[in-house]
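J.: Please see the structure below; I have some questions.
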Amino acid sequence: MNLNLYIKGKWHTPTNGQNREIVNPANGEVIFHTVDGNKDDVQAAIQAARSSFDQRDWPEMTSAQRSRLLMEVADRIEKQLDTLAELEMLDNGKPLHEAKIDVQDAADCFRYYASIIRKSNGKTFNPAPNLETVVVREPIGVCGLIVPWNFPLLMGVWKIAAALAAGNTIVLKPSEVTPITAVKLFEIFADTGFPAGVVNLVMGEGKIVGNELAISHDVDMVSFTGGTETGRQIMKAASGNLKKVSLELGGKSPNIIFADTDIELAVDYALYGIYYGAGQICSAASRILVEESIYDAFVDRFVARASKITVGPGNNPDTEMGPLVSEEHMQKVLDYIRIGQEEGARLACGGNRLRNTGLSAGYFVEPTAFIDVEQNMRIVQEEVFGPVVTIQKFTDETEAIELANGTRYGLAGAVFTNDGNRAWRVIKKIKAGITWINTYHENYYEAPWGGYKESGIGRSLSETGLDEFSELKQININL
Ligand code: NAD
């Protein structure tokens with residue numbers, strides 16, 4: 001398989017770039033090699049996107065033509081669903097059934113944005129008797145898109161589909177840990193017949209390749225998904241030309257469970273909320289808050305079920321939770337488990353790397369839960385990004401809200417209760433952009449996705465996501 005960069009409609013092998021081994025996290029074996037791009041490669045990709053945008057062949061294509069190409073990409077993704085899902089599983093480690101959901105979602109995302117650009121573009125107002133005001137969307141220009149490893153294909157597609165639908169040209173930088181499905185996606189672009197320079201792919205280290213996209217004055221917008229500290233660095237780097245910055249960052253999301261809820265339902269969603277994706281999901285429910293009167297019953301049920309989760313390689317149909325993405329990331333998660341214990345929190349289950357037969361070479365960590373935790377502990381305040389949850393007790397609604405909002409993050413949150421008034425009252429006080437009542441992780445393209453506080457700036461998905469990749473212009477007409 002060709003694992004090269006894609007610049008101005010051609011595959012490109014970086015010269016003098018550092019070789020990189022791409023490892024299967026289920027067994028530690030090297031599955032592919034890539035060569036990192038350098039600053040010159042990134043500049044070539046930016047200039048390709050720049051001249052393509054300035055020639056206007058993509059932004060001025062009719063919405064019908066643009067929509068047709070995006071629909072074709074969706075069809076081609078779907079035709080290759082099994083191959084793409086298999087590669088995603090090998091590269092990221094996630095179970096095959098999860099990878100298949102991601103690939104289908106990627107096709108649907110292209111279809112969603114291909115459809116909404118066929119609707120009316122803009123709004124009209126009549127603010128004074130002699131004045132007609134029209135607000136139109138225009139593309140921003142060259143968009144640098146930087147994405148993480150947890151949903152390697154899907155996080156890229158959320159950005160690419162919206163950016164292209166809005167008429168921008170793009171340079172994508174996947175995570176250096178999981179670049180394979182991005183390369184496959186660019187094979188699809190190459191076969192679909194986009195004008196040269198509309199879509200470009202660079203690979204390599206964030207501090208070099210990603211940073212070059214963030215600092216370049218020829219990039220008009222940088223859209224980033226990843227860790228909060230990286231987001232901060234990108235924002236600084238982007239300040240040179242005050243380019244538009246969109247950030248989807250980390251989380252430490254609360255899952256509040258009141259005593260009047262259906263406890264079995266709450267346990268089901270609490271497990272799904274933290275252990276789906278091995279907890280490597282920005283919106284993971286990594287802090288469970290339980291009302292005092294059902295705390296012990298909840299912990300007993302949760303721990304009994306968590307301990308029975310089948311952990312294993314993604315290609316085993318029985319696997320419910322796969323490995324962590326890399327040895328380095330596993331080490332970070334194990335460090336947090338150690339820190340939690342040193343801080344005085346108590347392990348209710350898990351806590352170890354799995355060394356069972358067949359798993360010892362992979363990066364598997366047990367589903368882990370901490371009890372006896374205090375709000376100021378690092379294990380409660382910092383994003384672990386692994387299968388590690390804290391379970392805290394609260395006495396009343398006021399305390400639940402205070403604990404829920406008591407971190408620097410504000411990505412997601414949930415409430416479980418059978419009292420409809422309380423559900424609304426509490427959810428409206430949660431400082432987060434994505435919230436759920438009596439469910440978790442539900443997400444559809446019709447609604448905007450993004451965080452409050454240090455979980456990000458801006459929104460992806462929905463029509464708001466199209467605005468995010470657009471300049472909005474008001475045109476005032478004197479009648
Ligand atoms: P990361 O921040 O380490 O890396 C993300 C991307 O940024 C990678 O492509 C990396 O190469 C690049 N990068 C790193 N340093 C850079 C720099 N200085 N300049 C430019 N680019 C740079 O994140 P990760 O470890 O790949 O992913 C995990 C993080 O992503 C978690 O914090 C998670 O919460 C977050 N995330 C957020 C969302 C969301 O929607 N809010 C979704 C998925 C993941």
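A note on labels: chains of the structure tokens are A, B, ... as shown, every chain counts residues from 1, and ligands are counted from 1 in their shown order.
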Extract, using only C-alpha atoms, all DNA, RNA and protein residues at most 10 Å from Leu164 in chain A, discarding same-chain residues fewer than 2 positions from it, and format them as a ChimeraX atom specification.
T.: /A:58-59,66-67,70,110,113-114,139,143,159-162,166-170,198-199,466,469
J.: Hey, which residues sit close to ligand 1? Say within 8 Å, counting only C-alpha atoms and all ligand atoms, and write them as a PDB file with N, CA and C atoms, in the first residue's frame.
T.:
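Generated file (pocket_15.pdb):
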```
ATOM      1  N   ILE A 146      -6.026  19.305  11.534  1.00  0.00           N
ATOM      2  CA  ILE A 146      -5.098  18.474  12.324  1.00  0.00           C
ATOM      3  C   ILE A 146      -5.919  17.563  13.222  1.00  0.00           C
ATOM      4  N   VAL A 147      -5.699  16.250  13.122  1.00  0.00           N
ATOM      5  CA  VAL A 147      -6.598  15.317  13.832  1.00  0.00           C
ATOM      6  C   VAL A 147      -5.841  14.296  14.686  1.00  0.00           C
ATOM      7  N   PRO A 148      -6.549  13.731  15.679  1.00  0.00           N
ATOM      8  CA  PRO A 148      -5.931  12.791  16.627  1.00  0.00           C
ATOM      9  C   PRO A 148      -6.064  11.330  16.181  1.00  0.00           C
ATOM     10  N   TRP A 149      -5.689  10.420  17.076  1.00  0.00           N
ATOM     11  CA  TRP A 149      -5.643   8.999  16.725  1.00  0.00           C
ATOM     12  C   TRP A 149      -6.849   8.213  17.198  1.00  0.00           C
ATOM     13  N   ASN A 150      -7.776   8.813  17.958  1.00  0.00           N
ATOM     14  CA  ASN A 150      -8.807   7.951  18.560  1.00  0.00           C
ATOM     15  C   ASN A 150      -9.896   7.517  17.570  1.00  0.00           C
ATOM     16  N   PHE A 151     -10.231   8.418  16.613  1.00  0.00           N
ATOM     17  CA  PHE A 151     -11.099   8.027  15.497  1.00  0.00           C
ATOM     18  C   PHE A 151     -10.345   8.493  14.249  1.00  0.00           C
ATOM     19  N   MET A 155     -12.544  11.497  12.618  1.00  0.00           N
ATOM     20  CA  MET A 155     -12.242  12.869  13.046  1.00  0.00           C
ATOM     21  C   MET A 155     -11.766  13.709  11.862  1.00  0.00           C
ATOM     22  N   LYS A 173      -3.678  16.758   8.213  1.00  0.00           N
ATOM     23  CA  LYS A 173      -2.570  16.092   8.903  1.00  0.00           C
ATOM     24  C   LYS A 173      -3.145  15.106   9.918  1.00  0.00           C
ATOM     25  N   PRO A 174      -3.092  13.801   9.571  1.00  0.00           N
ATOM     26  CA  PRO A 174      -3.568  12.801  10.546  1.00  0.00           C
ATOM     27  C   PRO A 174      -2.555  12.636  11.670  1.00  0.00           C
ATOM     28  N   SER A 175      -2.959  11.909  12.696  1.00  0.00           N
ATOM     29  CA  SER A 175      -2.001  11.610  13.766  1.00  0.00           C
ATOM     30  C   SER A 175      -0.896  10.722  13.213  1.00  0.00           C
ATOM     31  N   GLU A 176       0.327  10.964  13.629  1.00  0.00           N
ATOM     32  CA  GLU A 176       1.460  10.137  13.197  1.00  0.00           C
ATOM     33  C   GLU A 176       1.333   8.706  13.722  1.00  0.00           C
ATOM     34  N   VAL A 177       0.473   8.519  14.739  1.00  0.00           N
ATOM     35  CA  VAL A 177       0.295   7.180  15.321  1.00  0.00           C
ATOM     36  C   VAL A 177      -0.639   6.323  14.439  1.00  0.00           C
ATOM     37  N   GLY A 204       3.337  13.235   9.599  1.00  0.00           N
ATOM     38  CA  GLY A 204       4.555  13.432  10.369  1.00  0.00           C
ATOM     39  C   GLY A 204       4.255  13.984  11.741  1.00  0.00           C
ATOM     40  N   GLU A 205       5.322  14.421  12.390  1.00  0.00           N
ATOM     41  CA  GLU A 205       5.224  14.812  13.787  1.00  0.00           C
ATOM     42  C   GLU A 205       4.453  16.125  13.953  1.00  0.00           C
ATOM     43  N   GLY A 206       3.651  16.189  15.013  1.00  0.00           N
ATOM     44  CA  GLY A 206       2.843  17.382  15.248  1.00  0.00           C
ATOM     45  C   GLY A 206       3.671  18.644  15.383  1.00  0.00           C
ATOM     46  N   LYS A 207       4.763  18.542  16.140  1.00  0.00           N
ATOM     47  CA  LYS A 207       5.550  19.757  16.429  1.00  0.00           C
ATOM     48  C   LYS A 207       6.181  20.331  15.164  1.00  0.00           C
ATOM     49  N   ILE A 208       6.351  19.504  14.124  1.00  0.00           N
ATOM     50  CA  ILE A 208       6.942  20.009  12.877  1.00  0.00           C
ATOM     51  C   ILE A 208       5.851  20.238  11.829  1.00  0.00           C
ATOM     52  N   VAL A 209       5.190  19.159  11.449  1.00  0.00           N
ATOM     53  CA  VAL A 209       4.219  19.228  10.347  1.00  0.00           C
ATOM     54  C   VAL A 209       2.958  20.004  10.766  1.00  0.00           C
ATOM     55  N   GLY A 210       2.419  19.660  11.939  1.00  0.00           N
ATOM     56  CA  GLY A 210       1.219  20.353  12.414  1.00  0.00           C
ATOM     57  C   GLY A 210       1.517  21.815  12.687  1.00  0.00           C
ATOM     58  N   ASN A 211       2.655  22.057  13.324  1.00  0.00           N
ATOM     59  CA  ASN A 211       3.018  23.432  13.664  1.00  0.00           C
ATOM     60  C   ASN A 211       3.165  24.301  12.417  1.00  0.00           C
ATOM     61  N   GLU A 212       3.715  23.716  11.346  1.00  0.00           N
ATOM     62  CA  GLU A 212       3.887  24.473  10.098  1.00  0.00           C
ATOM     63  C   GLU A 212       2.522  24.929   9.541  1.00  0.00           C
ATOM     64  N   LEU A 213       1.533  24.073   9.677  1.00  0.00           N
ATOM     65  CA  LEU A 213       0.180  24.455   9.235  1.00  0.00           C
ATOM     66  C   LEU A 213      -0.366  25.588  10.114  1.00  0.00           C
ATOM     67  N   ALA A 214      -0.084  25.480  11.421  1.00  0.00           N
ATOM     68  CA  ALA A 214      -0.634  26.484  12.343  1.00  0.00           C
ATOM     69  C   ALA A 214       0.027  27.850  12.153  1.00  0.00           C
ATOM     70  N   PHE A 224      -8.550  22.021  14.632  1.00  0.00           N
ATOM     71  CA  PHE A 224      -7.753  21.028  15.362  1.00  0.00           C
ATOM     72  C   PHE A 224      -8.625  20.214  16.295  1.00  0.00           C
ATOM     73  N   THR A 225      -8.403  18.919  16.341  1.00  0.00           N
ATOM     74  CA  THR A 225      -8.973  18.063  17.377  1.00  0.00           C
ATOM     75  C   THR A 225      -7.827  17.346  18.060  1.00  0.00           C
ATOM     76  N   GLY A 226      -7.784  17.447  19.377  1.00  0.00           N
ATOM     77  CA  GLY A 226      -6.703  16.791  20.112  1.00  0.00           C
ATOM     78  C   GLY A 226      -6.687  17.291  21.544  1.00  0.00           C
ATOM     79  N   GLY A 227      -5.543  17.182  22.184  1.00  0.00           N
ATOM     80  CA  GLY A 227      -5.422  17.517  23.601  1.00  0.00           C
ATOM     81  C   GLY A 227      -5.461  19.026  23.841  1.00  0.00           C
ATOM     82  N   THR A 228      -5.888  19.398  25.055  1.00  0.00           N
ATOM     83  CA  THR A 228      -6.026  20.817  25.391  1.00  0.00           C
ATOM     84  C   THR A 228      -4.682  21.547  25.342  1.00  0.00           C
ATOM     85  N   GLU A 229      -3.615  20.912  25.825  1.00  0.00           N
ATOM     86  CA  GLU A 229      -2.307  21.602  25.802  1.00  0.00           C
ATOM     87  C   GLU A 229      -1.853  21.837  24.363  1.00  0.00           C
ATOM     88  N   THR A 230      -2.068  20.857  23.491  1.00  0.00           N
ATOM     89  CA  THR A 230      -1.700  21.046  22.074  1.00  0.00           C
ATOM     90  C   THR A 230      -2.533  22.176  21.480  1.00  0.00           C
ATOM     91  N   GLY A 231      -3.814  22.228  21.840  1.00  0.00           N
ATOM     92  CA  GLY A 231      -4.696  23.289  21.346  1.00  0.00           C
ATOM     93  C   GLY A 231      -4.168  24.666  21.717  1.00  0.00           C
ATOM     94  N   GLN A 233      -1.037  25.450  22.245  1.00  0.00           N
ATOM     95  CA  GLN A 233       0.155  25.740  21.406  1.00  0.00           C
ATOM     96  C   GLN A 233      -0.263  26.156  20.002  1.00  0.00           C
ATOM     97  N   ILE A 234      -1.282  25.484  19.473  1.00  0.00           N
ATOM     98  CA  ILE A 234      -1.743  25.792  18.114  1.00  0.00           C
ATOM     99  C   ILE A 234      -2.327  27.207  18.065  1.00  0.00           C
ATOM    100  N   ALA A 237       0.535  29.570  17.956  1.00  0.00           N
ATOM    101  CA  ALA A 237       1.221  29.528  16.647  1.00  0.00           C
ATOM    102  C   ALA A 237       0.371  30.191  15.563  1.00  0.00           C
ATOM    103  N   LEU A 247     -11.187  24.629  17.756  1.00  0.00           N
ATOM    104  CA  LEU A 247     -10.516  23.637  18.610  1.00  0.00           C
ATOM    105  C   LEU A 247     -11.520  22.682  19.250  1.00  0.00           C
ATOM    106  N   GLU A 248     -11.324  21.394  19.032  1.00  0.00           N
ATOM    107  CA  GLU A 248     -12.106  20.345  19.723  1.00  0.00           C
ATOM    108  C   GLU A 248     -11.129  19.655  20.654  1.00  0.00           C
ATOM    109  N   LEU A 249     -11.279  19.895  21.970  1.00  0.00           N
ATOM    110  CA  LEU A 249     -10.207  19.464  22.884  1.00  0.00           C
ATOM    111  C   LEU A 249     -10.671  18.385  23.864  1.00  0.00           C
ATOM    112  N   GLY A 250      -9.982  18.301  24.960  1.00  0.00           N
ATOM    113  CA  GLY A 250     -10.193  17.190  25.887  1.00  0.00           C
ATOM    114  C   GLY A 250     -11.425  17.359  26.761  1.00  0.00           C
ATOM    115  N   GLY A 251     -11.662  16.351  27.592  1.00  0.00           N
ATOM    116  CA  GLY A 251     -12.816  16.412  28.482  1.00  0.00           C
ATOM    117  C   GLY A 251     -12.598  15.604  29.751  1.00  0.00           C
ATOM    118  N   GLN A 280     -10.948   5.968  25.288  1.00  0.00           N
ATOM    119  CA  GLN A 280     -10.154   6.932  24.505  1.00  0.00           C
ATOM    120  C   GLN A 280     -11.095   7.779  23.645  1.00  0.00           C
ATOM    121  N   ILE A 281     -12.045   8.376  24.299  1.00  0.00           N
ATOM    122  CA  ILE A 281     -13.051   9.196  23.618  1.00  0.00           C
ATOM    123  C   ILE A 281     -13.140  10.503  24.385  1.00  0.00           C
ATOM    124  N   CYS A 282     -13.096  11.601  23.644  1.00  0.00           N
ATOM    125  CA  CYS A 282     -13.052  12.916  24.308  1.00  0.00           C
ATOM    126  C   CYS A 282     -14.248  13.121  25.223  1.00  0.00           C
ATOM    127  N   SER A 283     -15.420  12.595  24.817  1.00  0.00           N
ATOM    128  CA  SER A 283     -16.641  12.818  25.597  1.00  0.00           C
ATOM    129  C   SER A 283     -16.899  11.687  26.599  1.00  0.00           C
ATOM    130  N   GLU A 383      -7.539  14.650  32.370  1.00  0.00           N
ATOM    131  CA  GLU A 383      -8.027  13.687  31.392  1.00  0.00           C
ATOM    132  C   GLU A 383      -7.058  12.501  31.292  1.00  0.00           C
ATOM    133  N   PHE A 385      -7.870   9.584  29.503  1.00  0.00           N
ATOM    134  CA  PHE A 385      -8.062   9.093  28.140  1.00  0.00           C
ATOM    135  C   PHE A 385      -7.789   7.595  28.037  1.00  0.00           C
ATOM    136  N   LEU A 411     -16.774  19.555  28.124  1.00  0.00           N
ATOM    137  CA  LEU A 411     -17.149  18.973  26.834  1.00  0.00           C
ATOM    138  C   LEU A 411     -18.546  18.340  26.874  1.00  0.00           C
ATOM    139  N   TRP A 449     -21.410  19.981  17.663  1.00  0.00           N
ATOM    140  CA  TRP A 449     -20.542  19.248  18.590  1.00  0.00           C
ATOM    141  C   TRP A 449     -19.389  20.150  19.012  1.00  0.00           C
ATOM    142  N   GLY A 450     -19.194  20.310  20.329  1.00  0.00           N
ATOM    143  CA  GLY A 450     -18.054  21.106  20.778  1.00  0.00           C
ATOM    144  C   GLY A 450     -18.156  21.397  22.257  1.00  0.00           C
ATOM    145  N   GLY A 451     -17.129  22.041  22.800  1.00  0.00           N
ATOM    146  CA  GLY A 451     -17.043  22.181  24.252  1.00  0.00           C
ATOM    147  C   GLY A 451     -17.069  23.597  24.776  1.00  0.00           C
ATOM    148  N   SER A 455     -12.433  22.902  26.901  1.00  0.00           N
ATOM    149  CA  SER A 455     -12.690  21.788  25.982  1.00  0.00           C
ATOM    150  C   SER A 455     -12.819  22.262  24.547  1.00  0.00           C
ATOM    151  N   GLY A 456     -12.670  23.547  24.317  1.00  0.00           N
ATOM    152  CA  GLY A 456     -12.609  23.942  22.902  1.00  0.00           C
ATOM    153  C   GLY A 456     -13.234  25.265  22.552  1.00  0.00           C
TER     154      GLY A 456
END
```
J.: In range 13-243 of chain A, what's alpha helix (DSSP H) per DSSP? Answer as an mmCIF file with C-alpha atoms, in the first residue's frame?
T.:
```
data_model
loop_
_atom_site.group_PDB
_atom_site.id
_atom_site.type_symbol
_atom_site.label_atom_id
_atom_site.label_comp_id
_atom_site.auth_asym_id
_atom_site.auth_seq_id
_atom_site.Cartn_x
_atom_site.Cartn_y
_atom_site.Cartn_z
ATOM 1 C CA LYS A 39 8.535 21.738 6.493
ATOM 2 C CA ASP A 40 9.153 21.951 2.722
ATOM 3 C CA ASP A 41 6.588 19.206 2.080
ATOM 4 C CA VAL A 42 4.044 21.028 4.199
ATOM 5 C CA GLN A 43 4.779 24.276 2.357
ATOM 6 C CA ALA A 44 4.277 22.491 -0.982
ATOM 7 C CA ALA A 45 0.898 21.203 0.216
ATOM 8 C CA ILE A 46 -0.142 24.639 1.506
ATOM 9 C CA GLN A 47 0.865 26.297 -1.785
ATOM 10 C CA ALA A 48 -1.066 23.654 -3.759
ATOM 11 C CA ALA A 49 -4.179 24.370 -1.681
ATOM 12 C CA ARG A 50 -3.548 28.129 -1.954
ATOM 13 C CA SER A 51 -3.252 28.240 -5.732
ATOM 14 C CA SER A 52 -6.192 25.869 -6.161
ATOM 15 C CA PHE A 53 -8.326 28.108 -3.963
ATOM 16 C CA ASP A 54 -7.168 31.305 -5.673
ATOM 17 C CA GLN A 55 -7.922 29.830 -9.117
ATOM 18 C CA SER A 63 -23.139 23.309 -5.478
ATOM 19 C CA ALA A 64 -24.673 20.486 -7.532
ATOM 20 C CA GLN A 65 -21.248 19.451 -8.892
ATOM 21 C CA ARG A 66 -19.567 19.775 -5.508
ATOM 22 C CA SER A 67 -22.339 17.806 -3.865
ATOM 23 C CA ARG A 68 -22.078 15.058 -6.507
ATOM 24 C CA LEU A 69 -18.350 14.600 -5.852
ATOM 25 C CA LEU A 70 -18.879 14.435 -2.085
ATOM 26 C CA MET A 71 -21.670 11.861 -2.591
ATOM 27 C CA GLU A 72 -19.304 9.825 -4.761
ATOM 28 C CA VAL A 73 -16.694 9.854 -2.002
ATOM 29 C CA ALA A 74 -19.370 8.545 0.384
ATOM 30 C CA ASP A 75 -20.275 5.729 -2.013
ATOM 31 C CA ARG A 76 -16.641 4.738 -2.459
ATOM 32 C CA ILE A 77 -16.067 4.714 1.308
ATOM 33 C CA GLU A 78 -19.066 2.450 1.732
ATOM 34 C CA LYS A 79 -17.842 0.091 -1.008
ATOM 35 C CA LEU A 81 -16.166 -0.464 4.313
ATOM 36 C CA ASP A 82 -14.671 -3.833 5.241
ATOM 37 C CA THR A 83 -11.134 -2.921 4.142
ATOM 38 C CA LEU A 84 -11.221 0.480 5.817
ATOM 39 C CA ALA A 85 -12.624 -0.982 9.043
ATOM 40 C CA GLU A 86 -9.976 -3.708 9.074
ATOM 41 C CA LEU A 87 -7.180 -1.149 8.627
ATOM 42 C CA GLU A 88 -8.643 1.090 11.333
ATOM 43 C CA MET A 89 -8.746 -1.891 13.688
ATOM 44 C CA LEU A 90 -5.132 -2.837 12.916
ATOM 45 C CA ASP A 91 -3.868 0.714 13.337
ATOM 46 C CA ASN A 92 -5.916 1.944 16.301
ATOM 47 C CA LEU A 96 -13.861 -4.461 14.292
ATOM 48 C CA HIS A 97 -17.535 -3.808 15.000
ATOM 49 C CA GLU A 98 -16.656 -0.327 16.354
ATOM 50 C CA ALA A 99 -14.432 0.364 13.344
ATOM 51 C CA LYS A 100 -17.295 -0.555 11.005
ATOM 52 C CA ILE A 101 -19.585 1.945 12.733
ATOM 53 C CA ASP A 102 -16.911 4.646 12.295
ATOM 54 C CA VAL A 103 -16.479 3.940 8.569
ATOM 55 C CA GLN A 104 -20.242 3.999 7.962
ATOM 56 C CA ASP A 105 -20.414 7.290 9.908
ATOM 57 C CA ALA A 106 -17.649 8.684 7.684
ATOM 58 C CA ALA A 107 -19.675 7.914 4.538
ATOM 59 C CA ASP A 108 -22.783 9.421 6.136
ATOM 60 C CA CYS A 109 -20.909 12.581 7.081
ATOM 61 C CA PHE A 110 -19.972 13.217 3.428
ATOM 62 C CA ARG A 111 -23.625 12.617 2.462
ATOM 63 C CA TYR A 112 -24.883 14.958 5.160
ATOM 64 C CA TYR A 113 -22.730 17.877 3.972
ATOM 65 C CA ALA A 114 -23.320 17.039 0.305
ATOM 66 C CA SER A 115 -27.051 17.411 1.035
ATOM 67 C CA ILE A 116 -27.074 20.613 3.040
ATOM 68 C CA PRO A 152 -8.397 8.292 12.814
ATOM 69 C CA LEU A 153 -10.727 8.326 9.796
ATOM 70 C CA LEU A 154 -13.844 9.859 11.326
ATOM 71 C CA MET A 155 -12.242 12.869 13.046
ATOM 72 C CA GLY A 156 -10.622 13.790 9.718
ATOM 73 C CA VAL A 157 -13.872 13.309 7.801
ATOM 74 C CA TRP A 158 -15.905 15.530 10.180
ATOM 75 C CA LYS A 159 -13.584 18.372 9.174
ATOM 76 C CA ILE A 160 -12.925 17.494 5.529
ATOM 77 C CA ALA A 161 -16.598 17.046 4.582
ATOM 78 C CA ALA A 162 -17.667 20.372 6.108
ATOM 79 C CA ALA A 163 -14.614 22.294 4.843
ATOM 80 C CA LEU A 164 -14.991 21.030 1.262
ATOM 81 C CA ALA A 165 -18.772 21.478 1.241
ATOM 82 C CA ILE A 180 -3.342 4.542 7.425
ATOM 83 C CA THR A 181 -7.047 5.178 6.801
ATOM 84 C CA ALA A 182 -6.284 8.818 5.930
ATOM 85 C CA VAL A 183 -4.050 7.535 3.109
ATOM 86 C CA LYS A 184 -6.861 5.222 1.952
ATOM 87 C CA LEU A 185 -9.267 8.162 1.977
ATOM 88 C CA PHE A 186 -6.882 10.108 -0.245
ATOM 89 C CA GLU A 187 -6.771 7.158 -2.651
ATOM 90 C CA ILE A 188 -10.527 7.612 -2.870
ATOM 91 C CA PHE A 189 -10.130 11.354 -3.486
ATOM 92 C CA ALA A 190 -7.557 10.597 -6.206
ATOM 93 C CA ASP A 191 -10.024 8.247 -7.919
ATOM 94 C CA THR A 192 -12.964 10.615 -7.562
ATOM 95 C CA ASN A 211 3.018 23.432 13.664
ATOM 96 C CA GLU A 212 3.887 24.473 10.098
ATOM 97 C CA LEU A 213 0.180 24.455 9.235
ATOM 98 C CA ALA A 214 -0.634 26.484 12.343
ATOM 99 C CA ILE A 215 1.993 29.181 11.754
ATOM 100 C CA THR A 228 -6.026 20.817 25.391
ATOM 101 C CA GLU A 229 -2.307 21.602 25.802
ATOM 102 C CA THR A 230 -1.700 21.046 22.074
ATOM 103 C CA GLY A 231 -4.696 23.289 21.346
ATOM 104 C CA ARG A 232 -3.098 26.041 23.403
ATOM 105 C CA GLN A 233 0.155 25.740 21.406
ATOM 106 C CA ILE A 234 -1.743 25.792 18.114
ATOM 107 C CA MET A 235 -3.650 28.899 19.122
ATOM 108 C CA LYS A 236 -0.384 30.694 19.896
ATOM 109 C CA ALA A 237 1.221 29.528 16.647
#
```
J.: With only C-alpha atoms as the basis for distance, which of A:Ile339, A:Ile117, A:Ala412, A:Ile401 is at the shortest distance from Ile379 in chain A?
T.: A:Ile339
J.: Fewer than 2 positions away in the same chain doesn't count, so skip those; otherwise give me all residues within 9 Å of Met221 in chain A, counting only C-alpha atoms, as a ChimeraX atom specification.
T.: /A:140-145,214,219,223,238,242-246,469
J.: Where does DSSP see strand (DSSP E or B) in range 39-271 of chain A, if you list the residues as JSON, numbers by chain?
T.: {"A": [123, 124, 125, 126, 127, 128, 131, 132, 133, 134, 135, 136, 137, 138, 139, 142, 143, 144, 145, 146, 169, 170, 171, 172, 173, 199, 200, 201, 221, 222, 223, 224, 225, 244, 245, 246, 247, 248, 254, 255, 256, 257]}
J.: Could those residues be written to a file, using C-alpha atoms, as a compact mmCIF listing (two decimals), in the first residue's frame?
T.:
```txt
# COMPACT_ATOMS: atom_id res chain seq x y z
CA LYS A 123 -30.68 34.50 5.22
CA THR A 124 -32.50 37.69 4.30
CA PHE A 125 -33.77 40.45 6.59
CA ASN A 126 -35.66 43.66 6.06
CA PRO A 127 -34.29 45.75 8.96
CA ALA A 128 -35.57 49.12 7.63
CA LEU A 131 -33.10 48.23 3.24
CA GLU A 132 -32.85 44.57 2.31
CA THR A 133 -30.06 42.68 4.04
CA VAL A 134 -28.78 39.37 2.73
CA VAL A 135 -26.33 37.24 4.72
CA VAL A 136 -24.33 34.80 2.61
CA ARG A 137 -21.75 32.14 3.38
CA GLU A 138 -18.41 32.32 1.57
CA PRO A 139 -15.49 29.91 1.88
CA VAL A 142 -7.05 27.22 2.81
CA CYS A 143 -7.93 25.12 5.87
CA GLY A 144 -5.29 23.18 7.81
CA LEU A 145 -6.96 20.20 9.48
CA ILE A 146 -5.10 18.47 12.32
CA THR A 169 -9.35 23.75 -0.08
CA ILE A 170 -7.65 21.62 2.58
CA VAL A 171 -4.43 20.18 3.92
CA LEU A 172 -5.04 17.24 6.27
CA LYS A 173 -2.57 16.09 8.90
CA VAL A 199 -7.29 18.05 -1.12
CA ASN A 200 -3.77 17.54 0.19
CA LEU A 201 -2.31 15.14 2.76
CA MET A 221 -8.02 28.61 9.16
CA VAL A 222 -6.72 25.82 11.36
CA SER A 223 -9.18 23.30 12.69
CA PHE A 224 -7.75 21.03 15.36
CA THR A 225 -8.97 18.06 17.38
CA LYS A 244 -9.50 31.46 12.32
CA VAL A 245 -8.95 28.74 14.95
CA SER A 246 -11.39 25.98 15.74
CA LEU A 247 -10.52 23.64 18.61
CA GLU A 248 -12.11 20.34 19.72
CA PRO A 254 -19.57 14.01 34.56
CA ASN A 255 -22.30 11.37 34.56
CA ILE A 256 -24.76 12.27 37.35
CA ILE A 257 -26.94 9.46 38.70
```
J.: Please list as a ChimeraX atom specification every residue within 9 Å of range 292-297 of chain A, counting only C-alpha atoms and excluding residues in the same chain fewer than 3 positions away.
T.: /A:258-259,263,289,300-302,391-396
J.: Pick from A:Ala400, A:Leu359, A:Ala278, A:Val426: nearest to Gly386 in chain A, with only C-alpha atoms counted?
T.: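 The answer is A:Ala278, which sits nearest to Gly386 in chain A.
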J.: Would you please work out which residue, of A:Ser253, A:Ser462, A:Asn478, A:Thr310, is nearest to Gly406 in chain A when using only C-alpha atoms?
T.: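 Among the listed residues, the smallest separation from Gly406 in chain A belongs to A:Ser253.
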